[in-house]
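One structure below.
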Amino acid sequence: MTSLYDHAGGTEALHRLEEIFYTKLLTDPLLKQLFPERKPSHVPNLTSFTSESFGGPDAFTRGPGFAYLISAHRHLHITEEQRQRFVELYMEAFEEAGLPRDQEFLDAVREHVEFGSQVAMQNSHATTDADLHPLREVPRWTWAGDNPTP
């Protein structure tokens with residue numbers, strides 16, 4: 001079966017998605033406190049993470065790495081309301097970016113974002129390393145129903 005990365009249209013398509021999404025985060029009343037300013041590395045990091053997670057090149061692992069992701073979320077104290085809004089904005093950006101709209105793909109993307117936002121929320125409240133989610137590497141996401149759950 002085709003990877004989610006290839007089905008999405010590769011790095012260029014995912015970069016377009018992440019740029020739209022990041023722009024939304026920066027202006028959203030609920031989420032802008034988590035993203036108070038535009039960081040030049042954020043869209044490239046989001047793109048490389050999603051690309052790798054969807055079966056593309058391992059640029060995120062070779063670049064900033066998963067430990068960076070854990071530290072970026074640590075102590076943010078993400079609320080459930082913020083987590084849900086994050087998922088909502090991601091799916092809005094997905095539609096605006098013109099990625100494929102078939103239901104199986106949409107379901108896989110939503111599962112990916114739901115899972116990742118749960119991991120980020122847990123890590124954001126961790127006071128010790130033992131409180132962190134056990135995930136320590138970029139998850140390789142596949143089609144809906146065939147992935148880990150938080």
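Chains: A, B, ... in order of the structure tokens. Residues: from 1 per chain. Ligands: from 1, in order shown.
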Which residues of range 27-54 of chain A have any atom within 12 Å of an atom in range 72-78 of chain A when counting only C-alpha atoms, and what is the closest pair of atoms for each, with the distance in Å to one decimal? Order the rows by chain and rising number and write it as a tab-separated table.
residue	atom	partner	partner_atom	distance
A:Leu30	CA	A:Ile78	CA	10.5
A:Leu31	CA	A:Ile78	CA	9.3
A:Lys32	CA	A:Ile78	CA	11.9
A:Gln33	CA	A:Leu76	CA	9.5
A:Leu34	CA	A:Leu76	CA	7.0
A:Phe35	CA	A:Leu76	CA	10.3
A:His42	CA	A:Ala72	CA	10.9
A:Asn45	CA	A:Ala72	CA	11.6
Spatial neighbours of range 79-84 of chain A, 9 Å, only C-alpha atoms, chain gap at least 6 places, as a ChimeraX atom specification: /A:30-31,114,117-118,120-121
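Across A:Trp143, A:Arg110, A:His15, A:Ser3, the tightest approach to Phe86 in chain A is made by A:Arg110 when counting only C-alpha atoms.
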Distance in Å - CA of Ala13 in chain A versus CA of Arg62 in chain A: 20.9 Å
Select from range 63-99 of chain A everything DSSP, run on the backbone, classes as alpha helix (DSSP H), then give the selection as a ChimeraX atom specification. /A:66-73,80-96
Do a neighbour search on Ala67 in chain A at 12 Å with only C-alpha atoms, toss out local chain neighbours closer than 6 positions, and write the hits as a PyMOL selection string. chain A and resi 60-61+73-74+123+129+132-138
Using only N, CA and C atoms, please write the residues we just selected to a file, as a CSV table (one decimal), in the first residue's frame.
chain,number,residue,atom,x,y,z
A,60,PHE,N,13.7,14.5,10.4
A,60,PHE,CA,13.4,14.9,11.7
A,60,PHE,C,14.3,14.2,12.7
A,61,THR,N,14.4,12.9,12.5
A,61,THR,CA,15.3,12.1,13.4
A,61,THR,C,16.7,12.5,13.3
A,73,HIS,N,7.7,20.5,24.4
A,73,HIS,CA,6.4,20.4,25.0
A,73,HIS,C,6.4,20.5,26.5
A,74,ARG,N,7.6,20.1,27.0
A,74,ARG,CA,7.7,20.0,28.5
A,74,ARG,C,7.3,21.4,29.1
A,123,ASN,N,3.2,14.9,27.8
A,123,ASN,CA,4.5,15.4,28.1
A,123,ASN,C,4.6,16.8,28.6
A,129,ASP,N,10.8,12.5,34.4
A,129,ASP,CA,10.9,11.7,33.1
A,129,ASP,C,10.0,10.5,33.2
A,132,LEU,N,6.6,11.2,31.5
A,132,LEU,CA,6.6,11.3,30.1
A,132,LEU,C,5.9,10.1,29.4
A,133,HIS,N,5.3,10.4,28.3
A,133,HIS,CA,4.8,9.3,27.4
A,133,HIS,C,6.0,8.4,27.1
A,134,PRO,N,5.8,7.1,27.0
A,134,PRO,CA,7.0,6.3,26.7
A,134,PRO,C,7.5,6.4,25.2
A,135,LEU,N,6.8,7.0,24.3
A,135,LEU,CA,7.3,7.2,23.0
A,135,LEU,C,8.6,8.0,22.9
A,136,ARG,N,9.6,7.5,22.3
A,136,ARG,CA,10.9,8.2,22.2
A,136,ARG,C,11.5,8.3,20.8
A,137,GLU,N,10.6,8.0,19.8
A,137,GLU,CA,11.1,8.2,18.5
A,137,GLU,C,9.9,8.6,17.6
A,138,VAL,N,10.1,9.1,16.4
A,138,VAL,CA,9.0,9.5,15.5
A,138,VAL,C,8.2,8.2,15.2
CA of Glu18 in chain A to CA of Ile70 in chain A measures 19.1 Å
Restricting the calculation to only C-alpha atoms: of A:Ser71, A:Thr23, A:Ser124, A:Thr11, which residue gets closest to Gly56 in chain A? A:Thr11
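Restricting the calculation to only C-alpha atoms, the smallest distance between Pro29 in chain A and any of A:Arg85, A:Thr2, A:Tyr68, A:Gly55 is found for A:Arg85.
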Straight-line distance linking CA of Ala59 in chain A with CA of Gly98 in chain A, stated in Å to one decimal: 23.6 Å
So, with only C-alpha atoms as the atoms that count, which of A:Ser41, A:Ser51, A:Arg140, A:His112 lies closest to Pro64 in chain A?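 Under the stated criterion, the closest residue is A:Ser41.
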